[in-house]
>>> print(open('structure.txt').read())   # compact mmCIF, C-alpha atoms and all ligand atoms
# COMPACT_ATOMS: atom_id res chain seq x y z
CA MET A 16 111.76 92.47 116.36
CA ILE A 17 108.48 92.27 114.45
CA ILE A 18 108.24 93.84 110.99
CA ALA A 19 104.80 94.30 109.43
CA VAL A 20 104.49 93.80 105.67
CA LEU A 21 101.73 93.12 103.18
CA GLY A 22 101.26 89.35 103.01
CA PRO A 23 100.88 86.48 102.58
CA ARG A 24 104.39 85.02 102.07
CA GLY A 25 105.91 85.76 98.68
CA SER A 26 104.75 89.38 98.28
CA TYR A 27 107.04 92.03 96.86
CA SER A 28 106.68 93.77 100.22
CA GLU A 29 108.36 90.75 101.82
CA LYS A 30 111.12 91.02 99.23
CA ALA A 31 111.53 94.70 100.09
CA ALA A 32 111.70 93.89 103.79
CA ARG A 33 114.35 91.20 103.34
CA GLN A 34 116.39 93.46 101.06
CA TRP A 35 116.29 96.37 103.50
CA LEU A 36 117.02 94.20 106.54
CA ALA A 37 120.00 92.58 104.84
CA GLU A 38 121.48 96.01 104.16
CA ASN A 39 120.58 97.71 107.43
CA CYS A 40 120.24 95.31 110.35
CA SER A 41 123.07 93.26 111.72
CA GLU A 42 120.99 91.06 114.02
CA ASP A 43 118.82 88.37 112.56
CA ASP A 44 116.05 88.06 115.13
CA GLN A 45 113.49 89.71 112.89
CA VAL A 46 110.08 88.15 112.41
CA LEU A 47 107.76 89.21 109.61
CA GLU A 48 104.12 89.86 110.41
CA TYR A 49 102.03 89.36 107.24
CA CYS A 50 99.15 91.86 107.01
CA ASP A 51 96.01 91.55 104.86
CA ASP A 52 96.28 95.07 103.47
CA ILE A 53 98.41 98.20 103.61
CA GLN A 54 96.29 99.90 106.27
CA ASP A 55 96.88 96.95 108.59
CA VAL A 56 100.63 97.63 108.40
CA PHE A 57 99.94 101.08 109.88
CA VAL A 58 97.50 99.66 112.45
CA SER A 59 100.14 97.18 113.55
CA LEU A 60 102.67 99.97 114.01
CA LYS A 61 100.21 102.09 115.96
CA SER A 62 99.27 99.25 118.31
CA GLY A 63 102.94 98.49 118.94
CA SER A 64 102.54 94.94 117.63
CA ALA A 65 105.24 95.66 115.02
CA LYS A 66 108.18 98.01 115.48
CA ILE A 67 108.82 98.52 111.78
CA GLY A 68 106.37 98.56 108.89
CA ILE A 69 107.23 98.37 105.19
CA THR A 70 104.82 99.47 102.44
CA PRO A 71 105.03 100.29 98.71
CA VAL A 72 104.74 103.99 97.89
CA GLU A 73 105.35 104.38 94.14
CA ASN A 74 105.96 102.33 91.03
CA SER A 75 107.86 103.38 87.92
CA ILE A 76 105.03 102.28 85.58
CA GLU A 77 101.85 102.91 87.54
CA GLY A 78 102.83 105.75 89.88
CA SER A 79 101.72 106.31 93.45
CA VAL A 80 100.22 103.80 95.82
CA GLY A 81 97.36 106.03 96.98
CA VAL A 82 96.48 104.13 100.14
CA THR A 83 100.04 104.46 101.46
CA LEU A 84 99.94 108.23 100.87
CA ASP A 85 96.59 108.50 102.66
CA MET A 86 97.82 106.47 105.63
CA LEU A 87 100.96 108.62 105.93
CA LEU A 88 98.68 111.57 106.54
CA GLU A 89 96.39 109.73 108.94
CA TYR A 90 98.85 107.80 111.12
CA ASP A 91 101.68 108.98 113.31
CA ILE A 92 104.73 107.21 111.96
CA ASP A 93 108.34 108.09 111.23
CA ILE A 94 109.92 107.17 107.89
CA ILE A 95 113.38 105.79 108.66
CA GLY A 96 114.36 104.38 105.28
CA GLU A 97 113.49 103.51 101.72
CA THR A 98 114.35 100.69 99.38
CA VAL A 99 113.70 100.02 95.70
CA VAL A 100 112.76 96.57 94.43
CA THR A 101 112.98 95.39 90.83
CA ILE A 102 109.57 94.01 89.88
CA GLU A 103 109.47 91.11 87.44
CA HIS A 104 105.91 89.88 87.20
CA CYS A 105 105.21 86.34 86.01
CA LEU A 106 101.96 84.73 84.98
CA LEU A 107 101.51 81.76 87.33
CA SER A 108 99.02 78.95 87.18
CA ARG A 109 98.41 75.33 88.11
CA GLY A 110 97.08 74.71 84.62
CA LYS A 111 98.24 75.49 81.08
CA LYS A 112 98.04 78.78 79.20
CA GLU A 113 94.98 77.70 77.20
CA ASP A 114 93.06 76.81 80.41
CA ILE A 115 93.30 80.32 81.87
CA ARG A 116 89.96 82.16 82.17
CA ILE A 117 90.47 84.29 85.31
CA ILE A 118 93.53 86.40 86.12
CA LEU A 119 94.11 87.62 89.65
CA SER A 120 96.48 90.20 91.07
CA HIS A 121 96.90 93.26 93.23
CA PRO A 122 95.55 96.35 91.36
CA GLN A 123 99.17 97.54 90.90
CA GLY A 124 100.11 94.18 89.34
CA LEU A 125 97.19 94.29 86.91
CA ALA A 126 97.93 97.90 86.01
CA GLN A 127 101.63 97.24 85.39
CA CYS A 128 100.65 94.48 82.90
CA ARG A 129 97.68 96.27 81.28
CA GLN A 130 98.97 96.02 77.71
CA PHE A 131 100.09 92.41 78.14
CA LEU A 132 96.60 91.46 79.34
CA LYS A 133 94.99 93.27 76.42
CA ASP A 134 97.28 91.57 73.90
CA HIS A 135 97.17 88.03 75.29
CA PHE A 136 94.09 87.63 77.50
CA LYS A 137 91.50 90.10 76.30
CA ASP A 138 88.63 87.73 77.14
CA ALA A 139 89.87 86.73 80.58
CA GLU A 140 88.11 87.98 83.68
CA LEU A 141 90.38 90.17 85.80
CA ARG A 142 89.99 90.06 89.59
CA THR A 143 91.80 92.14 92.18
CA THR A 144 93.32 90.69 95.33
CA GLY A 145 94.98 92.13 98.44
CA SER A 146 98.48 91.41 97.11
CA THR A 147 100.24 89.55 94.31
CA SER A 148 101.08 86.68 96.67
CA HIS A 149 97.45 86.50 97.76
CA ALA A 150 96.62 86.07 94.05
CA ALA A 151 99.18 83.26 93.79
CA LYS A 152 97.73 81.53 96.83
CA LEU A 153 94.21 81.68 95.37
CA ALA A 154 95.40 80.48 91.95
CA THR A 155 96.37 77.15 93.49
CA GLU A 156 92.67 76.30 93.77
CA PHE A 157 91.61 76.08 90.09
CA GLU A 158 93.43 75.36 86.84
CA GLU A 159 91.47 78.08 85.05
CA MET A 160 92.93 80.71 87.39
CA ALA A 161 96.24 82.48 86.96
CA ALA A 162 98.04 85.04 89.10
CA ILE A 163 100.30 87.92 88.24
CA ALA A 164 102.96 87.60 90.91
CA SER A 165 106.66 87.13 91.59
CA ARG A 166 108.89 84.22 90.62
CA GLU A 167 109.30 83.50 94.35
CA SER A 168 105.52 83.08 94.67
CA ALA A 169 105.59 80.38 91.96
CA GLU A 170 108.00 78.37 94.05
CA MET A 171 106.21 79.04 97.32
CA TYR A 172 102.76 78.06 96.07
CA ASP A 173 103.94 75.37 93.68
CA LEU A 174 102.62 77.05 90.53
CA ASN A 175 103.94 76.88 86.96
CA ILE A 176 105.51 79.96 85.43
CA ILE A 177 103.36 80.23 82.30
CA LEU A 178 105.08 83.42 81.12
CA PRO A 179 107.91 85.35 82.83
CA ASN A 180 108.53 89.11 82.71
CA ILE A 181 105.09 90.21 81.60
CA GLN A 182 105.07 93.82 82.81
CA ASP A 183 104.51 96.44 80.08
CA ARG A 184 107.99 97.95 80.42
CA GLU A 185 111.23 96.12 80.83
CA GLN A 186 112.24 98.48 83.64
CA ASN A 187 109.83 98.08 86.53
CA HIS A 188 110.72 99.29 90.02
CA THR A 189 108.72 99.92 93.16
CA ARG A 190 109.91 102.13 95.97
CA PHE A 191 109.04 101.05 99.51
CA LEU A 192 109.07 103.07 102.72
CA ILE A 193 110.47 101.73 105.96
CA MET A 194 108.49 103.20 108.84
CA ALA A 195 108.87 103.12 112.58
CA GLY A 196 106.09 103.21 115.12
CA PRO A 197 106.17 104.68 118.65
CA ASP A 198 108.27 101.78 120.05
CA TYR A 199 111.06 102.29 117.57
CA SER A 200 113.65 103.46 120.10
CA THR A 201 114.10 99.91 121.32
CA ASN A 202 114.70 98.20 118.02
CA SER A 203 117.96 96.62 116.94
CA CYS A 204 118.35 98.52 113.67
CA GLN A 205 118.29 101.80 115.54
CA ASP A 206 122.02 102.22 116.06
CA THR A 207 122.90 101.46 112.47
CA ILE A 208 120.50 104.09 111.22
CA ARG A 209 121.05 106.72 113.90
CA ASN A 210 124.82 106.53 113.57
CA SER A 211 124.63 107.20 109.88
CA ALA A 212 122.26 110.13 110.42
CA VAL A 213 125.01 112.72 110.76
CA PRO A 214 124.29 116.15 109.33
CA GLU A 215 127.57 116.17 107.31
CA ALA A 216 126.12 113.43 105.18
CA LYS A 217 123.13 115.57 104.34
CA ARG A 218 123.36 115.07 100.60
CA PHE A 219 122.69 111.38 101.18
CA PHE A 220 119.51 112.07 103.09
CA LYS A 221 115.99 112.73 101.98
CA THR A 222 113.13 114.26 103.94
CA SER A 223 109.42 113.71 103.31
CA ILE A 224 106.74 116.21 104.31
CA ILE A 225 103.03 116.74 103.69
CA VAL A 226 101.63 120.25 103.33
CA TYR A 227 98.09 121.53 103.19
CA LEU A 228 97.71 125.01 101.81
CA ASP A 229 94.44 125.75 103.62
CA ARG A 230 93.46 128.58 101.30
CA ASP A 231 93.64 128.24 97.53
CA ARG A 232 95.15 131.48 96.22
CA PRO A 233 97.28 132.45 93.23
CA GLY A 234 100.93 131.56 93.72
CA ALA A 235 100.50 129.58 96.99
CA LEU A 236 102.32 126.48 95.74
CA TYR A 237 104.79 128.65 93.87
CA GLU A 238 105.75 130.38 97.14
CA ILE A 239 106.42 127.05 98.85
CA LEU A 240 108.49 125.76 95.97
CA GLY A 241 110.27 129.11 95.90
CA GLU A 242 111.49 128.51 99.48
CA PHE A 243 113.14 125.28 98.38
CA ALA A 244 114.62 126.94 95.31
CA SER A 245 115.98 129.98 97.18
CA HIS A 246 117.62 127.70 99.79
CA GLY A 247 119.15 125.54 97.04
CA VAL A 248 117.21 122.46 98.15
CA ASN A 249 116.62 119.81 95.48
CA LEU A 250 113.10 118.36 95.34
CA THR A 251 112.95 114.69 94.40
CA ARG A 252 109.19 114.32 94.24
CA ILE A 253 105.96 116.27 94.50
CA GLU A 254 102.57 114.67 94.39
CA SER A 255 99.08 115.89 95.15
CA ARG A 256 96.29 113.84 96.75
CA PRO A 257 92.70 114.86 97.40
CA SER A 258 92.32 116.29 100.91
CA LYS A 259 88.97 114.45 101.01
CA ARG A 260 87.35 117.64 102.31
CA SER A 261 85.94 118.79 98.97
CA LEU A 262 86.48 118.36 95.25
CA GLY A 263 89.53 120.27 94.03
CA ASP A 264 91.07 120.52 97.53
CA TYR A 265 94.51 118.90 97.80
CA VAL A 266 97.36 118.01 100.11
CA PHE A 267 100.89 117.95 98.69
CA TYR A 268 103.48 115.28 99.37
CA ILE A 269 106.96 116.67 98.96
CA ASP A 270 110.30 114.80 99.13
CA PHE A 271 113.55 116.74 99.07
CA GLU A 272 117.25 116.10 99.55
CA GLY A 273 118.65 116.95 102.97
CA HIS A 274 118.09 116.23 106.65
CA ILE A 275 115.51 118.04 108.77
CA ASN A 276 118.32 118.97 111.20
CA ASP A 277 120.37 120.80 108.54
CA GLU A 278 120.34 124.55 109.17
CA ILE A 279 119.33 125.39 105.62
CA ILE A 280 116.42 122.92 105.71
CA LYS A 281 115.28 124.18 109.11
CA GLU A 282 115.17 127.70 107.69
CA ALA A 283 113.22 126.69 104.57
CA ILE A 284 110.71 124.68 106.65
CA TYR A 285 110.30 127.55 109.12
CA ASN A 286 109.41 129.89 106.26
CA ILE A 287 107.06 127.37 104.65
CA GLU A 288 105.24 126.75 107.94
CA SER A 289 104.15 130.37 108.02
CA LYS A 290 102.60 130.06 104.56
CA VAL A 291 100.60 126.84 104.92
CA GLY A 292 97.68 125.53 106.97
CA MET A 293 99.45 122.32 107.99
CA LEU A 294 102.93 120.85 107.61
CA LYS A 295 103.62 117.27 108.70
CA ASN A 296 107.19 116.07 108.87
CA LEU A 297 107.31 112.36 107.98
CA GLY A 298 111.03 111.92 108.64
CA SER A 299 114.56 112.12 107.24
CA TYR A 300 116.18 108.94 105.98
CA PRO A 301 119.11 107.69 103.87
CA ILE A 302 118.49 107.87 100.12
CA TYR A 303 118.48 104.46 98.46
CA LYS A 304 121.57 104.17 96.27
CA LYS A 305 120.58 104.87 92.68
CA ASP A 306 123.38 102.70 91.22
CA HIS A 307 121.26 99.67 92.14
CA LEU A 308 118.79 100.65 89.40
O1 LIG B 1 101.28 92.72 96.06
C1 LIG B 1 102.46 92.73 96.46
O2 LIG B 1 103.20 91.77 96.35
C2 LIG B 1 102.94 93.96 97.08
O3 LIG B 1 103.88 93.92 97.83
C3 LIG B 1 102.25 95.25 96.70
C4 LIG B 1 102.77 95.91 95.43
C5 LIG B 1 102.24 97.39 95.35
O4 LIG B 1 101.25 97.73 95.99
O5 LIG B 1 102.81 98.18 94.57
C6 LIG B 1 104.23 95.96 95.47
C7 LIG B 1 104.99 95.89 94.35
C8 LIG B 1 104.39 95.80 93.01
O6 LIG B 1 104.38 97.12 92.49
C9 LIG B 1 102.99 95.28 93.05
C10 LIG B 1 102.28 95.23 94.22
>>> encode(input="structure.txt", output="structure tokens")
Amino acid sequence: MIIAVLGPRGSYSEKAARQWLAENCSEDDQVLEYCDDIQDVFVSLKSGSAKIGITPVENSIEGSVGVTLDMLLEYDIDIIGETVVTIEHCLLSRGKKEDIRIILSHPQGLAQCRQFLKDHFKDAELRTTGSTSHAAKLATEFEEMAAIASRESAEMYDLNIILPNIQDREQNHTRFLIMAGPDYSTNSCQDTIRNSAVPEAKRFFKTSIIVYLDRDRPGALYEILGEFASHGVNLTRIESRPSKRSLGDYVFYIDFEGHINDEIIKEAIYNIESKVGMLKNLGSYPIYKKDHL
């Protein structure tokens, strides 16, 4: 089974994939397909090249990964799981600390170390790359370059760890979504996941939806949230993104506890559908165990 992740080797997305596979798939015939960017993970799912795709969706320091949210709206995928990875960024280089003039990383990596960079490398040039591991790969070329990337990347690309744990907060976690494309029914993780998807276990499930209100009017969002409240459904996240139609026009990404097949959820969704212009169900999936964090 092919699993698409952001590459090259050594990315946190790879770490997320290995963590999720170890906990959810018994067979070990999985092959990772390393994509150049997050959109390519979705393209790979759509084309059927990969059966599962894994992408970051939010970070505890820097917040949402906008491109993942946009792609969730654009592409037809099914979220089948989530996993949370502890992020410990290191400053990696071939050279020494005093040689470093250029620092490379994924925009999320640079943002999660903003204060560190200000305090220690205020004159360095910052450059963005497709991923943290891509930054590590590029940093092998010149001694004046450094990458913000994982400890695993240091080993993989034979770089020195100049400074470990450089993110601005000690606690740094990124949540990743596990998504299935149209060919999912034939994959080997299917039984494990489907068998655990029993309605009785609803409090261990989460559902993700996207809603578009269509018409901005007083109380529109309040009415939607009211449906969740009156059905006793706990929201775990709400986020707005530009609809890209006009300034000030938004779509809302809502995660809540429960399975789409639960009667109470069905009822709430039915009521919400009559109040909004569009409702997209992204899938119901087991909640990642919080005691890991
Ligand atoms: O660049 C990587 O290694 C990724 O997997 C991407 C990504 C992200 O986009 O959030 C994943 C985890 C970290 O938050 C930093 C970067």
>>> residues_around(input="structure.txt", residues="segment 242-245 of chain A", least_positions_apart="3", cutoff="7 Å", atoms="only C-alpha atoms", output="ChimeraX atom specification")
/A:238-239,248,283,287
>>> closest_residue(input="structure.txt", among="A:Ile92, A:Cys50, A:Val100, A:Met86", to="Arg190 of chain A", atoms="only C-alpha atoms")
A:Val100
>>> residues_around(input="structure.txt", residues="Thr147 of chain A", least_positions_apart="5", cutoff="10 Å", atoms="only C-alpha atoms", output="number ranges by chain")
A: 21-28, 104, 119-125, 152-153, 162-165, 168
>>> axis_aligned_box(input="structure.txt", around="ligand LIG 1 (chain B)", padding_each_side="6 Å", output="lines of an AutoDock Vina configuration file")
center_x = 103.1
center_y = 95.0
center_z = 95.2
size_x = 15.7
size_y = 18.4
size_z = 17.3
>>> residues_near_point(input="structure.txt", point="(116.1, 93.8, 103.8)", cutoff="12 Å", atoms="all atoms listed in the file", output="JSON, numbers by chain")
{"A": [18, 20, 27, 28, 29, 30, 31, 32, 33, 34, 35, 36, 37, 38, 39, 40, 41, 42, 43, 45, 46, 47, 67, 68, 69, 96, 97, 98, 99, 100, 191, 192, 193, 204]}
>>> closest_residue(input="structure.txt", among="A:Met293, A:Arg232, A:Phe157, A:Lys221", to="Asn276 of chain A", atoms="only C-alpha atoms")
A:Lys221
>>> atom_distance(input="structure.txt", atom1="atom CA of Val291 of chain A", atom2="atom CA of Leu228 of chain A")
4.6 Å
>>> residues_around(input="structure.txt", residues="Val226 of chain A", least_positions_apart="2", cutoff="10 Å", atoms="only C-alpha atoms", output="MDAnalysis selection string")
chainID A and resid 88 224 228:229 236 239 255 265:269 287:288 290:296
>>> closest_residue(input="structure.txt", among="A:Lys112, A:Lys281, A:Arg129, A:His149", to="Arg184 of chain A", atoms="all atoms listed in the file")
A:Arg129
>>> closest_residue(input="structure.txt", among="A:Ile17, A:Cys128, A:Ile94, A:Ala65", to="ligand LIG 1 (chain B)", atoms="only C-alpha atoms and all ligand atoms")
A:Cys128
>>> closest_residue(input="structure.txt", among="A:Met160, A:Ala235, A:Val72, A:Met171", to="Ile115 of chain A", atoms="only C-alpha atoms")
A:Met160
>>> closest_residue(input="structure.txt", among="A:Leu174, A:Leu132, A:Ala150, A:Ala19", to="ligand LIG 1 (chain B)", atoms="only C-alpha atoms and all ligand atoms")
A:Ala150
>>> atom_distance(input="structure.txt", atom1="atom CA of Ser59 of chain A", atom2="atom CA of Tyr199 of chain A")
12.7 Å
>>> residues_near_point(input="structure.txt", point="(102.4, 100.9, 93.5)", cutoff="10 Å", atoms="all atoms listed in the file", output="JSON, numbers by chain")
{"A": [70, 71, 72, 73, 74, 75, 76, 77, 78, 79, 80, 81, 82, 83, 121, 122, 123, 124, 126, 127, 188, 189, 190, 191]}
>>> atom_distance(input="structure.txt", atom1="atom CA of Ser62 of chain A", atom2="atom CA of Thr143 of chain A")
28.1 Å
>>> residues_around(input="structure.txt", residues="Glu113 of chain A", least_positions_apart="4", cutoff="12 Å", atoms="all atoms listed in the file", output="PDB file with C-alpha atoms, in the frame of the given file")
ATOM      1  CA  SER A 108      99.020  78.950  87.180  1.00  0.00           C
ATOM      2  CA  ARG A 109      98.410  75.330  88.110  1.00  0.00           C
ATOM      3  CA  ILE A 117      90.470  84.290  85.310  1.00  0.00           C
ATOM      4  CA  HIS A 135      97.170  88.030  75.290  1.00  0.00           C
ATOM      5  CA  PHE A 136      94.090  87.630  77.500  1.00  0.00           C
ATOM      6  CA  ASP A 138      88.630  87.730  77.140  1.00  0.00           C
ATOM      7  CA  ALA A 139      89.870  86.730  80.580  1.00  0.00           C
ATOM      8  CA  GLU A 158      93.430  75.360  86.840  1.00  0.00           C
ATOM      9  CA  GLU A 159      91.470  78.080  85.050  1.00  0.00           C
ATOM     10  CA  MET A 160      92.930  80.710  87.390  1.00  0.00           C
ATOM     11  CA  ALA A 161      96.240  82.480  86.960  1.00  0.00           C
ATOM     12  CA  ILE A 177     103.360  80.230  82.300  1.00  0.00           C
TER      13      ILE A 177
END
>>> residues_around(input="structure.txt", residues="Gly298 of chain A", least_positions_apart="2", cutoff="7 Å", atoms="only C-alpha atoms", output="list of chain:residue names")
A:Asp93, A:Ile94, A:Ile95, A:Thr222, A:Ser223, A:Asn296, A:Tyr300
>>> decode(input="structure.txt", residues="segment 52-86 of chain A", atoms="N, CA and C atoms", output="PDB file, in the first residue's frame")
ATOM      1  N   ASP A  52       5.096  18.872  -2.125  1.00  0.00           N
ATOM      2  CA  ASP A  52       4.327  19.807  -1.285  1.00  0.00           C
ATOM      3  C   ASP A  52       3.011  19.155  -0.863  1.00  0.00           C
ATOM      4  N   ILE A  53       2.277  19.883  -0.014  1.00  0.00           N
ATOM      5  CA  ILE A  53       1.061  19.296   0.556  1.00  0.00           C
ATOM      6  C   ILE A  53       0.007  19.037  -0.520  1.00  0.00           C
ATOM      7  N   GLN A  54      -0.101  19.939  -1.476  1.00  0.00           N
ATOM      8  CA  GLN A  54      -1.112  19.725  -2.529  1.00  0.00           C
ATOM      9  C   GLN A  54      -0.851  18.412  -3.274  1.00  0.00           C
ATOM     10  N   ASP A  55       0.414  18.085  -3.470  1.00  0.00           N
ATOM     11  CA  ASP A  55       0.739  16.851  -4.190  1.00  0.00           C
ATOM     12  C   ASP A  55       0.265  15.595  -3.448  1.00  0.00           C
ATOM     13  N   VAL A  56       0.149  15.695  -2.126  1.00  0.00           N
ATOM     14  CA  VAL A  56      -0.389  14.555  -1.355  1.00  0.00           C
ATOM     15  C   VAL A  56      -1.844  14.324  -1.790  1.00  0.00           C
ATOM     16  N   PHE A  57      -2.591  15.412  -1.947  1.00  0.00           N
ATOM     17  CA  PHE A  57      -3.995  15.314  -2.359  1.00  0.00           C
ATOM     18  C   PHE A  57      -4.096  14.840  -3.813  1.00  0.00           C
ATOM     19  N   VAL A  58      -3.189  15.341  -4.664  1.00  0.00           N
ATOM     20  CA  VAL A  58      -3.194  14.950  -6.075  1.00  0.00           C
ATOM     21  C   VAL A  58      -2.937  13.441  -6.183  1.00  0.00           C
ATOM     22  N   SER A  59      -2.009  12.968  -5.366  1.00  0.00           N
ATOM     23  CA  SER A  59      -1.661  11.554  -5.389  1.00  0.00           C
ATOM     24  C   SER A  59      -2.840  10.678  -4.949  1.00  0.00           C
ATOM     25  N   LEU A  60      -3.597  11.176  -3.979  1.00  0.00           N
ATOM     26  CA  LEU A  60      -4.791  10.437  -3.540  1.00  0.00           C
ATOM     27  C   LEU A  60      -5.839  10.418  -4.644  1.00  0.00           C
ATOM     28  N   LYS A  61      -6.030  11.565  -5.261  1.00  0.00           N
ATOM     29  CA  LYS A  61      -7.054  11.684  -6.300  1.00  0.00           C
ATOM     30  C   LYS A  61      -6.742  10.775  -7.490  1.00  0.00           C
ATOM     31  N   SER A  62      -5.472  10.716  -7.865  1.00  0.00           N
ATOM     32  CA  SER A  62      -5.093   9.918  -9.032  1.00  0.00           C
ATOM     33  C   SER A  62      -5.097   8.416  -8.719  1.00  0.00           C
ATOM     34  N   GLY A  63      -5.157   8.093  -7.424  1.00  0.00           N
ATOM     35  CA  GLY A  63      -5.149   6.680  -7.043  1.00  0.00           C
ATOM     36  C   GLY A  63      -3.736   6.138  -6.876  1.00  0.00           C
ATOM     37  N   SER A  64      -2.740   6.996  -7.077  1.00  0.00           N
ATOM     38  CA  SER A  64      -1.346   6.552  -6.928  1.00  0.00           C
ATOM     39  C   SER A  64      -1.086   6.129  -5.474  1.00  0.00           C
ATOM     40  N   ALA A  65      -1.620   6.914  -4.525  1.00  0.00           N
ATOM     41  CA  ALA A  65      -1.521   6.529  -3.107  1.00  0.00           C
ATOM     42  C   ALA A  65      -2.915   6.218  -2.577  1.00  0.00           C
ATOM     43  N   LYS A  66      -2.988   5.296  -1.614  1.00  0.00           N
ATOM     44  CA  LYS A  66      -4.300   4.972  -1.042  1.00  0.00           C
ATOM     45  C   LYS A  66      -4.561   5.789   0.208  1.00  0.00           C
ATOM     46  N   ILE A  67      -3.468   6.180   0.882  1.00  0.00           N
ATOM     47  CA  ILE A  67      -3.592   6.995   2.087  1.00  0.00           C
ATOM     48  C   ILE A  67      -2.661   8.195   1.925  1.00  0.00           C
ATOM     49  N   GLY A  68      -3.107   9.340   2.442  1.00  0.00           N
ATOM     50  CA  GLY A  68      -2.270  10.538   2.424  1.00  0.00           C
ATOM     51  C   GLY A  68      -2.243  11.121   3.827  1.00  0.00           C
ATOM     52  N   ILE A  69      -1.085  11.628   4.233  1.00  0.00           N
ATOM     53  CA  ILE A  69      -0.961  12.162   5.600  1.00  0.00           C
ATOM     54  C   ILE A  69      -0.405  13.578   5.515  1.00  0.00           C
ATOM     55  N   THR A  70      -1.157  14.553   6.078  1.00  0.00           N
ATOM     56  CA  THR A  70      -0.678  15.942   6.027  1.00  0.00           C
ATOM     57  C   THR A  70      -0.890  16.635   7.371  1.00  0.00           C
ATOM     58  N   PRO A  71      -0.011  17.624   7.683  1.00  0.00           N
ATOM     59  CA  PRO A  71      -0.183  18.395   8.919  1.00  0.00           C
ATOM     60  C   PRO A  71      -1.405  19.297   8.804  1.00  0.00           C
ATOM     61  N   VAL A  72      -2.112  19.502   9.912  1.00  0.00           N
ATOM     62  CA  VAL A  72      -3.295  20.383   9.850  1.00  0.00           C
ATOM     63  C   VAL A  72      -3.220  21.531  10.853  1.00  0.00           C
ATOM     64  N   GLU A  73      -2.585  21.299  12.014  1.00  0.00           N
ATOM     65  CA  GLU A  73      -2.455  22.421  12.967  1.00  0.00           C
ATOM     66  C   GLU A  73      -1.294  22.178  13.914  1.00  0.00           C
ATOM     67  N   ASN A  74      -0.719  23.281  14.362  1.00  0.00           N
ATOM     68  CA  ASN A  74       0.421  23.218  15.279  1.00  0.00           C
ATOM     69  C   ASN A  74       0.084  24.013  16.532  1.00  0.00           C
ATOM     70  N   SER A  75       0.602  23.536  17.669  1.00  0.00           N
ATOM     71  CA  SER A  75       0.235  24.172  18.937  1.00  0.00           C
ATOM     72  C   SER A  75       0.848  25.568  19.101  1.00  0.00           C
ATOM     73  N   ILE A  76       1.901  25.899  18.363  1.00  0.00           N
ATOM     74  CA  ILE A  76       2.475  27.246  18.461  1.00  0.00           C
ATOM     75  C   ILE A  76       1.942  28.135  17.335  1.00  0.00           C
ATOM     76  N   GLU A  77       1.945  27.633  16.133  1.00  0.00           N
ATOM     77  CA  GLU A  77       1.691  28.482  14.970  1.00  0.00           C
ATOM     78  C   GLU A  77       0.280  28.366  14.394  1.00  0.00           C
ATOM     79  N   GLY A  78      -0.500  27.420  14.882  1.00  0.00           N
ATOM     80  CA  GLY A  78      -1.891  27.312  14.426  1.00  0.00           C
ATOM     81  C   GLY A  78      -2.040  26.514  13.139  1.00  0.00           C
ATOM     82  N   SER A  79      -3.068  26.874  12.375  1.00  0.00           N
ATOM     83  CA  SER A  79      -3.471  26.063  11.220  1.00  0.00           C
ATOM     84  C   SER A  79      -2.470  26.022  10.082  1.00  0.00           C
ATOM     85  N   VAL A  80      -2.486  24.907   9.382  1.00  0.00           N
ATOM     86  CA  VAL A  80      -1.728  24.784   8.142  1.00  0.00           C
ATOM     87  C   VAL A  80      -2.749  25.090   7.028  1.00  0.00           C
ATOM     88  N   GLY A  81      -2.738  26.340   6.584  1.00  0.00           N
ATOM     89  CA  GLY A  81      -3.767  26.847   5.671  1.00  0.00           C
ATOM     90  C   GLY A  81      -3.944  26.017   4.415  1.00  0.00           C
ATOM     91  N   VAL A  82      -2.845  25.578   3.819  1.00  0.00           N
ATOM     92  CA  VAL A  82      -2.958  24.850   2.548  1.00  0.00           C
ATOM     93  C   VAL A  82      -3.707  23.519   2.744  1.00  0.00           C
ATOM     94  N   THR A  83      -3.509  22.883   3.887  1.00  0.00           N
ATOM     95  CA  THR A  83      -4.253  21.635   4.141  1.00  0.00           C
ATOM     96  C   THR A  83      -5.745  21.941   4.228  1.00  0.00           C
ATOM     97  N   LEU A  84      -6.111  23.012   4.931  1.00  0.00           N
ATOM     98  CA  LEU A  84      -7.534  23.361   5.049  1.00  0.00           C
ATOM     99  C   LEU A  84      -8.119  23.647   3.667  1.00  0.00           C
ATOM    100  N   ASP A  85      -7.394  24.392   2.852  1.00  0.00           N
ATOM    101  CA  ASP A  85      -7.897  24.709   1.504  1.00  0.00           C
ATOM    102  C   ASP A  85      -8.089  23.448   0.659  1.00  0.00           C
ATOM    103  N   MET A  86      -7.141  22.530   0.772  1.00  0.00           N
ATOM    104  CA  MET A  86      -7.221  21.296  -0.037  1.00  0.00           C
ATOM    105  C   MET A  86      -8.370  20.393   0.437  1.00  0.00           C
TER     106      MET A  86
END
